[in-house]
$ cat protein.txt   # compact mmCIF, N, CA and C atoms and all ligand atoms
# COMPACT_ATOMS: atom_id res chain seq x y z
N MET N 1 0.85 -1.20 0.00
CA MET N 1 0.00 0.00 0.00
C MET N 1 0.89 1.26 0.00
N ILE N 2 0.53 2.22 -0.81
CA ILE N 2 1.22 3.51 -0.82
C ILE N 2 0.19 4.56 -0.43
N GLN N 3 0.37 5.15 0.71
CA GLN N 3 -0.56 6.18 1.18
C GLN N 3 0.23 7.39 1.64
N ILE N 4 -0.18 8.57 1.17
CA ILE N 4 0.48 9.80 1.60
C ILE N 4 -0.57 10.72 2.22
N THR N 5 -0.10 11.71 2.94
CA THR N 5 -0.99 12.71 3.52
C THR N 5 -0.76 14.02 2.78
N VAL N 6 -1.86 14.63 2.33
CA VAL N 6 -1.79 15.84 1.52
C VAL N 6 -2.56 16.96 2.20
N GLU N 7 -1.88 18.11 2.36
CA GLU N 7 -2.56 19.33 2.82
C GLU N 7 -2.75 20.22 1.61
N ASP N 8 -3.99 20.55 1.28
CA ASP N 8 -4.22 21.36 0.07
C ASP N 8 -4.01 22.84 0.37
N ARG N 9 -4.23 23.68 -0.64
CA ARG N 9 -3.94 25.10 -0.50
C ARG N 9 -4.92 25.83 0.42
N GLN N 10 -6.00 25.16 0.79
CA GLN N 10 -6.95 25.74 1.75
C GLN N 10 -6.71 25.23 3.17
N GLY N 11 -5.72 24.34 3.31
CA GLY N 11 -5.39 23.82 4.63
C GLY N 11 -6.09 22.52 4.99
N SER N 12 -6.89 21.97 4.07
CA SER N 12 -7.54 20.69 4.34
C SER N 12 -6.52 19.56 4.20
N VAL N 13 -6.58 18.62 5.11
CA VAL N 13 -5.63 17.50 5.12
C VAL N 13 -6.40 16.20 4.93
N ARG N 14 -5.89 15.37 4.02
CA ARG N 14 -6.48 14.03 3.90
C ARG N 14 -5.43 13.03 3.43
N ASP N 15 -5.68 11.77 3.73
CA ASP N 15 -4.82 10.69 3.28
C ASP N 15 -5.26 10.26 1.88
N VAL N 16 -4.27 10.00 1.01
CA VAL N 16 -4.55 9.65 -0.38
C VAL N 16 -3.83 8.34 -0.70
N ARG N 17 -4.55 7.37 -1.23
CA ARG N 17 -3.94 6.10 -1.65
C ARG N 17 -3.42 6.24 -3.07
N LEU N 18 -2.18 5.81 -3.30
CA LEU N 18 -1.55 5.99 -4.61
C LEU N 18 -1.29 4.68 -5.33
N ASP N 19 -1.80 3.59 -4.84
CA ASP N 19 -1.45 2.27 -5.37
C ASP N 19 -1.66 2.15 -6.88
N GLY N 20 -2.69 2.79 -7.40
CA GLY N 20 -2.98 2.67 -8.83
C GLY N 20 -2.18 3.60 -9.72
N TYR N 21 -1.25 4.33 -9.14
CA TYR N 21 -0.53 5.37 -9.89
C TYR N 21 0.98 5.13 -9.99
N VAL N 22 1.44 3.95 -9.66
CA VAL N 22 2.88 3.68 -9.66
C VAL N 22 3.49 4.01 -11.02
N GLY N 23 4.58 4.76 -11.00
CA GLY N 23 5.27 5.14 -12.23
C GLY N 23 4.84 6.50 -12.77
N GLN N 24 3.67 6.98 -12.35
CA GLN N 24 3.22 8.31 -12.80
C GLN N 24 3.84 9.39 -11.91
N SER N 25 3.78 10.63 -12.39
CA SER N 25 4.29 11.71 -11.55
C SER N 25 3.29 11.99 -10.43
N LEU N 26 3.83 12.47 -9.32
CA LEU N 26 2.96 12.82 -8.20
C LEU N 26 2.01 13.94 -8.60
N MET N 27 2.47 14.87 -9.42
CA MET N 27 1.60 15.96 -9.89
C MET N 27 0.38 15.40 -10.63
N GLU N 28 0.60 14.52 -11.59
CA GLU N 28 -0.51 13.93 -12.35
C GLU N 28 -1.43 13.12 -11.44
N THR N 29 -0.82 12.44 -10.49
CA THR N 29 -1.59 11.63 -9.55
C THR N 29 -2.52 12.51 -8.72
N LEU N 30 -1.99 13.61 -8.22
CA LEU N 30 -2.81 14.50 -7.40
C LEU N 30 -3.93 15.12 -8.23
N LYS N 31 -3.62 15.45 -9.47
CA LYS N 31 -4.66 15.96 -10.37
C LYS N 31 -5.76 14.90 -10.53
N GLY N 32 -5.35 13.66 -10.71
CA GLY N 32 -6.31 12.58 -10.86
C GLY N 32 -7.15 12.36 -9.62
N GLU N 33 -6.63 12.75 -8.48
CA GLU N 33 -7.36 12.62 -7.21
C GLU N 33 -8.19 13.86 -6.90
N GLY N 34 -8.27 14.79 -7.86
CA GLY N 34 -9.15 15.94 -7.70
C GLY N 34 -8.51 17.20 -7.18
N TYR N 35 -7.21 17.19 -7.00
CA TYR N 35 -6.55 18.41 -6.52
C TYR N 35 -6.35 19.39 -7.66
N ASP N 36 -6.39 20.67 -7.33
CA ASP N 36 -6.15 21.73 -8.31
C ASP N 36 -4.65 21.78 -8.60
N MET N 37 -4.25 21.28 -9.77
CA MET N 37 -2.85 21.26 -10.17
C MET N 37 -2.76 21.93 -11.53
N ARG N 38 -2.48 23.21 -11.57
CA ARG N 38 -2.51 23.95 -12.83
C ARG N 38 -1.44 23.46 -13.81
N ALA N 39 -0.22 23.27 -13.37
CA ALA N 39 0.84 22.64 -14.16
C ALA N 39 0.99 23.24 -15.56
N THR N 40 1.26 24.53 -15.63
CA THR N 40 1.38 25.25 -16.90
C THR N 40 2.39 24.61 -17.85
N CYS N 41 3.49 24.09 -17.33
CA CYS N 41 4.54 23.53 -18.19
C CYS N 41 4.29 22.07 -18.55
N GLY N 42 3.24 21.49 -18.01
CA GLY N 42 2.93 20.11 -18.34
C GLY N 42 3.84 19.09 -17.68
N GLY N 43 4.55 19.50 -16.65
CA GLY N 43 5.39 18.54 -15.92
C GLY N 43 6.84 18.54 -16.34
N LEU N 44 7.31 19.64 -16.92
CA LEU N 44 8.69 19.72 -17.41
C LEU N 44 9.63 20.44 -16.43
N ALA N 45 9.21 20.66 -15.22
CA ALA N 45 10.03 21.33 -14.20
C ALA N 45 10.35 22.76 -14.56
N LEU N 46 9.42 23.44 -15.23
CA LEU N 46 9.68 24.81 -15.68
C LEU N 46 8.81 25.87 -14.99
N CYS N 47 7.64 25.51 -14.50
CA CYS N 47 6.69 26.54 -14.05
C CYS N 47 6.59 26.67 -12.53
N ALA N 48 6.87 25.61 -11.82
CA ALA N 48 6.74 25.57 -10.34
C ALA N 48 5.30 25.64 -9.86
N ASP N 49 4.33 25.47 -10.75
CA ASP N 49 2.93 25.41 -10.30
C ASP N 49 2.70 24.25 -9.33
N CYS N 50 3.51 23.22 -9.47
CA CYS N 50 3.32 22.00 -8.66
C CYS N 50 4.18 22.00 -7.41
N HIS N 51 4.69 23.17 -7.05
CA HIS N 51 5.54 23.30 -5.87
C HIS N 51 4.83 22.76 -4.63
N CYS N 52 5.53 21.95 -3.88
CA CYS N 52 5.00 21.45 -2.62
C CYS N 52 6.13 21.37 -1.59
N LEU N 53 5.74 21.31 -0.34
CA LEU N 53 6.70 21.08 0.74
C LEU N 53 6.55 19.64 1.20
N ILE N 54 7.67 18.99 1.44
CA ILE N 54 7.65 17.65 2.01
C ILE N 54 7.75 17.81 3.52
N LEU N 55 6.65 17.62 4.21
CA LEU N 55 6.61 17.86 5.66
C LEU N 55 7.17 16.68 6.44
N ALA N 56 7.10 15.49 5.87
CA ALA N 56 7.66 14.29 6.51
C ALA N 56 8.00 13.29 5.42
N GLY N 57 9.11 12.59 5.61
CA GLY N 57 9.50 11.53 4.68
C GLY N 57 10.40 11.98 3.56
N GLU N 58 10.95 13.18 3.66
CA GLU N 58 11.78 13.73 2.58
C GLU N 58 12.95 12.80 2.25
N ARG N 59 13.52 12.16 3.25
CA ARG N 59 14.69 11.31 3.03
C ARG N 59 14.37 10.07 2.19
N ASP N 60 13.09 9.72 2.09
CA ASP N 60 12.72 8.54 1.31
C ASP N 60 12.63 8.84 -0.18
N LEU N 61 12.74 10.10 -0.56
CA LEU N 61 12.57 10.48 -1.97
C LEU N 61 13.91 10.52 -2.68
N GLU N 62 13.87 10.30 -4.00
CA GLU N 62 15.05 10.52 -4.82
C GLU N 62 15.42 12.00 -4.73
N PRO N 63 16.71 12.34 -4.68
CA PRO N 63 17.08 13.75 -4.61
C PRO N 63 16.66 14.52 -5.87
N ALA N 64 16.42 15.81 -5.69
CA ALA N 64 16.04 16.66 -6.82
C ALA N 64 17.21 16.80 -7.80
N LYS N 65 16.90 16.79 -9.08
CA LYS N 65 17.93 17.00 -10.11
C LYS N 65 18.07 18.50 -10.37
N ASP N 66 19.10 18.87 -11.17
CA ASP N 66 19.42 20.28 -11.38
C ASP N 66 18.25 21.09 -11.92
N ALA N 67 17.51 20.57 -12.90
CA ALA N 67 16.41 21.32 -13.51
C ALA N 67 15.37 21.69 -12.45
N GLU N 68 15.08 20.76 -11.56
CA GLU N 68 14.12 21.02 -10.49
C GLU N 68 14.65 22.09 -9.54
N LEU N 69 15.92 21.96 -9.17
CA LEU N 69 16.49 22.93 -8.23
C LEU N 69 16.54 24.33 -8.82
N ILE N 70 16.85 24.43 -10.11
CA ILE N 70 16.91 25.74 -10.78
C ILE N 70 15.53 26.40 -10.77
N THR N 71 14.50 25.64 -11.07
CA THR N 71 13.14 26.20 -11.07
C THR N 71 12.71 26.58 -9.67
N LEU N 72 13.02 25.75 -8.69
CA LEU N 72 12.65 26.08 -7.31
C LEU N 72 13.34 27.36 -6.86
N ASP N 73 14.53 27.62 -7.37
CA ASP N 73 15.26 28.85 -7.03
C ASP N 73 14.50 30.10 -7.45
N THR N 74 13.57 29.99 -8.39
CA THR N 74 12.80 31.15 -8.84
C THR N 74 11.65 31.47 -7.90
N ARG N 75 11.38 30.57 -6.98
CA ARG N 75 10.24 30.76 -6.06
C ARG N 75 10.71 31.41 -4.76
N PRO N 76 10.22 32.61 -4.46
CA PRO N 76 10.65 33.25 -3.21
C PRO N 76 10.20 32.49 -1.97
N ASP N 77 9.18 31.65 -2.10
CA ASP N 77 8.69 30.91 -0.94
C ASP N 77 9.29 29.50 -0.85
N ALA N 78 10.30 29.22 -1.68
CA ALA N 78 10.94 27.90 -1.63
C ALA N 78 11.67 27.71 -0.30
N GLN N 79 11.64 26.50 0.19
CA GLN N 79 12.30 26.16 1.45
C GLN N 79 13.19 24.93 1.22
N ASP N 80 13.94 24.56 2.25
CA ASP N 80 14.84 23.42 2.12
C ASP N 80 14.09 22.14 1.74
N ASN N 81 12.83 22.04 2.15
CA ASN N 81 12.05 20.83 1.88
C ASN N 81 11.09 21.01 0.70
N SER N 82 11.36 22.01 -0.15
CA SER N 82 10.53 22.23 -1.35
C SER N 82 10.85 21.19 -2.41
N ARG N 83 9.82 20.76 -3.13
CA ARG N 83 9.98 19.89 -4.30
C ARG N 83 8.95 20.27 -5.34
N LEU N 84 9.22 19.86 -6.57
CA LEU N 84 8.22 19.96 -7.64
C LEU N 84 7.58 18.59 -7.76
N SER N 85 6.27 18.53 -7.56
CA SER N 85 5.63 17.21 -7.53
C SER N 85 5.64 16.53 -8.90
N CYS N 86 5.85 17.30 -9.97
CA CYS N 86 5.92 16.68 -11.30
C CYS N 86 7.21 15.90 -11.48
N GLN N 87 8.19 16.12 -10.60
CA GLN N 87 9.48 15.44 -10.72
C GLN N 87 9.60 14.26 -9.76
N ILE N 88 8.53 13.96 -9.06
CA ILE N 88 8.52 12.83 -8.12
C ILE N 88 7.67 11.72 -8.71
N ARG N 89 8.22 10.54 -8.85
CA ARG N 89 7.48 9.39 -9.39
C ARG N 89 6.85 8.61 -8.24
N VAL N 90 5.63 8.18 -8.47
CA VAL N 90 4.95 7.38 -7.45
C VAL N 90 5.62 6.00 -7.38
N ALA N 91 6.05 5.64 -6.20
CA ALA N 91 6.71 4.35 -5.96
C ALA N 91 6.51 4.01 -4.49
N ASP N 92 6.88 2.78 -4.14
CA ASP N 92 6.65 2.31 -2.77
C ASP N 92 7.25 3.24 -1.72
N GLN N 93 8.41 3.84 -2.04
CA GLN N 93 9.08 4.65 -1.02
C GLN N 93 8.32 5.93 -0.67
N LEU N 94 7.28 6.26 -1.43
CA LEU N 94 6.48 7.43 -1.08
C LEU N 94 5.53 7.15 0.09
N ASP N 95 5.34 5.89 0.41
CA ASP N 95 4.39 5.55 1.47
C ASP N 95 4.75 6.28 2.76
N GLY N 96 3.80 6.99 3.30
CA GLY N 96 3.99 7.66 4.58
C GLY N 96 4.47 9.09 4.49
N ILE N 97 4.77 9.58 3.28
CA ILE N 97 5.21 10.97 3.22
C ILE N 97 4.02 11.90 3.46
N ASN N 98 4.34 13.12 3.81
CA ASN N 98 3.34 14.12 4.16
C ASN N 98 3.70 15.39 3.39
N ILE N 99 2.79 15.89 2.57
CA ILE N 99 3.12 17.04 1.74
C ILE N 99 2.11 18.17 1.92
N ARG N 100 2.55 19.37 1.62
CA ARG N 100 1.67 20.56 1.60
C ARG N 100 1.78 21.21 0.23
N LEU N 101 0.66 21.38 -0.45
CA LEU N 101 0.66 22.06 -1.75
C LEU N 101 0.85 23.54 -1.53
N MET N 102 1.72 24.15 -2.34
CA MET N 102 2.00 25.58 -2.20
C MET N 102 1.22 26.37 -3.24
N GLY N 103 1.09 27.65 -3.02
CA GLY N 103 0.34 28.51 -3.92
C GLY N 103 1.05 28.73 -5.23
N TYR N 104 0.31 29.21 -6.22
CA TYR N 104 0.90 29.52 -7.51
C TYR N 104 1.70 30.81 -7.43
N ALA N 105 2.60 30.99 -8.42
CA ALA N 105 3.52 32.12 -8.38
C ALA N 105 2.80 33.46 -8.60
N ASP N 106 1.68 33.46 -9.34
CA ASP N 106 1.00 34.74 -9.62
C ASP N 106 -0.30 34.88 -8.86
S1 LIG E 1 4.16 21.14 -13.53
FE1 LIG E 1 5.47 22.77 -14.10
S2 LIG E 1 7.12 22.54 -12.76
FE2 LIG E 1 5.85 20.89 -12.23

$ encode --input "protein.txt" --output "structure tokens"
Amino acid sequence: MIQITVEDRQGSVRDVRLDGYVGQSLMETLKGEGYDMRATCGGLALCADCHCLILAGERDLEPAKDAELITLDTRPDAQDNSRLSCQIRVADQLDGINIRLMGYAD
């Protein structure tokens, strides 16, 4: 079972099962689960619309690559635990992570 906890942009928190989404991006998965994911760049790590904070479980994720880090650098609200959800693939190691969706840049 892969289950994560998601806090949306209004502060609502719920647990989301990801078992049917293995291999897809977390951004697409969250969109499929009804979350507002504007994703202007379509998941190319260019827009930061999918910016989220990893509140727990960050060490279980693959490290961010350069393209992701460069885009996150454009966000004044980026923090040490910021990630782009389009660059995270759903896999077993996501089980138990806790994320907060961040606001859009404009
Ligand atoms: S969807 Fe554009 S950076 Fe993730």

$ residues_near_ligand --input "protein.txt" --ligand "ligand LIG 1 (chain E)" --cutoff "7 Å" --atoms "all atoms listed in the file" --output "PyMOL selection string"
chain N and resi 27+38-51+84-87

$ residues_around --input "protein.txt" --residues "Arg100 in chain N" --least-positions-apart "6" --cutoff "6.5 Å" --atoms "only N, CA and C atoms" --output "PyMOL selection string"
chain N and resi 5-8+51-55

$ closest_residue --input "protein.txt" --among "N:Ile88, N:Tyr104, N:Gln3, N:Leu94" --to "Arg75 in chain N" --atoms "only C-alpha atoms"
N:Tyr104

$ select_by_dssp --input "protein.txt" --residues "chain N" --states "helix (DSSP H, G or I)" --output "number ranges by chain"
N: 19-21, 26-32, 58-60, 66-72, 85-87, 92-94

$ atom_distance --input "protein.txt" --atom1 "atom N of Lys65 in chain N" --atom2 "atom C of Gly103 in chain N"
20.2 Å

$ atom_distance --input "protein.txt" --atom1 "atom N of Val22 in chain N" --atom2 "atom N of Ser82 in chain N"
22.7 Å

$ residues_around --input "protein.txt" --residues "Ala56 in chain N" --least-positions-apart "3" --cutoff "6 Å" --atoms "all atoms listed in the file" --output "ChimeraX atom specification"
/N:96-99

$ build_atoms --input "protein.txt" --residues "range 46-58 of chain N" --atoms "N, CA, C and O atoms" --output "PDB file, in the coordinates of the input"
ATOM      1  N   LEU N  46       9.420  23.440 -15.230  1.00  0.00           N
ATOM      2  CA  LEU N  46       9.680  24.810 -15.680  1.00  0.00           C
ATOM      3  C   LEU N  46       8.810  25.870 -14.990  1.00  0.00           C
ATOM      4  O   LEU N  46       9.187  27.038 -14.963  1.00  0.00           O
ATOM      5  N   CYS N  47       7.640  25.510 -14.500  1.00  0.00           N
ATOM      6  CA  CYS N  47       6.690  26.540 -14.050  1.00  0.00           C
ATOM      7  C   CYS N  47       6.590  26.670 -12.530  1.00  0.00           C
ATOM      8  O   CYS N  47       6.157  27.706 -12.037  1.00  0.00           O
ATOM      9  N   ALA N  48       6.870  25.610 -11.820  1.00  0.00           N
ATOM     10  CA  ALA N  48       6.740  25.570 -10.340  1.00  0.00           C
ATOM     11  C   ALA N  48       5.300  25.640  -9.860  1.00  0.00           C
ATOM     12  O   ALA N  48       5.067  25.835  -8.673  1.00  0.00           O
ATOM     13  N   ASP N  49       4.330  25.470 -10.750  1.00  0.00           N
ATOM     14  CA  ASP N  49       2.930  25.410 -10.300  1.00  0.00           C
ATOM     15  C   ASP N  49       2.700  24.250  -9.330  1.00  0.00           C
ATOM     16  O   ASP N  49       1.781  24.288  -8.515  1.00  0.00           O
ATOM     17  N   CYS N  50       3.510  23.220  -9.470  1.00  0.00           N
ATOM     18  CA  CYS N  50       3.320  22.000  -8.660  1.00  0.00           C
ATOM     19  C   CYS N  50       4.180  22.000  -7.410  1.00  0.00           C
ATOM     20  O   CYS N  50       4.359  20.949  -6.791  1.00  0.00           O
ATOM     21  N   HIS N  51       4.690  23.170  -7.050  1.00  0.00           N
ATOM     22  CA  HIS N  51       5.540  23.300  -5.870  1.00  0.00           C
ATOM     23  C   HIS N  51       4.830  22.760  -4.630  1.00  0.00           C
ATOM     24  O   HIS N  51       3.671  23.079  -4.371  1.00  0.00           O
ATOM     25  N   CYS N  52       5.530  21.950  -3.880  1.00  0.00           N
ATOM     26  CA  CYS N  52       5.000  21.450  -2.620  1.00  0.00           C
ATOM     27  C   CYS N  52       6.130  21.370  -1.590  1.00  0.00           C
ATOM     28  O   CYS N  52       7.304  21.387  -1.946  1.00  0.00           O
ATOM     29  N   LEU N  53       5.740  21.310  -0.340  1.00  0.00           N
ATOM     30  CA  LEU N  53       6.700  21.080   0.740  1.00  0.00           C
ATOM     31  C   LEU N  53       6.550  19.640   1.200  1.00  0.00           C
ATOM     32  O   LEU N  53       5.434  19.139   1.329  1.00  0.00           O
ATOM     33  N   ILE N  54       7.670  18.990   1.440  1.00  0.00           N
ATOM     34  CA  ILE N  54       7.650  17.650   2.010  1.00  0.00           C
ATOM     35  C   ILE N  54       7.750  17.810   3.520  1.00  0.00           C
ATOM     36  O   ILE N  54       8.819  18.148   4.055  1.00  0.00           O
ATOM     37  N   LEU N  55       6.650  17.620   4.210  1.00  0.00           N
ATOM     38  CA  LEU N  55       6.610  17.860   5.660  1.00  0.00           C
ATOM     39  C   LEU N  55       7.170  16.680   6.440  1.00  0.00           C
ATOM     40  O   LEU N  55       7.650  16.850   7.561  1.00  0.00           O
ATOM     41  N   ALA N  56       7.100  15.490   5.870  1.00  0.00           N
ATOM     42  CA  ALA N  56       7.660  14.290   6.510  1.00  0.00           C
ATOM     43  C   ALA N  56       8.000  13.290   5.420  1.00  0.00           C
ATOM     44  O   ALA N  56       7.294  13.187   4.422  1.00  0.00           O
ATOM     45  N   GLY N  57       9.110  12.590   5.610  1.00  0.00           N
ATOM     46  CA  GLY N  57       9.500  11.530   4.680  1.00  0.00           C
ATOM     47  C   GLY N  57      10.400  11.980   3.560  1.00  0.00           C
ATOM     48  O   GLY N  57      10.628  11.235   2.611  1.00  0.00           O
ATOM     49  N   GLU N  58      10.950  13.180   3.660  1.00  0.00           N
ATOM     50  CA  GLU N  58      11.780  13.730   2.580  1.00  0.00           C
ATOM     51  C   GLU N  58      12.950  12.800   2.250  1.00  0.00           C
ATOM     52  O   GLU N  58      13.333  12.648   1.088  1.00  0.00           O
TER      53      GLU N  58
END
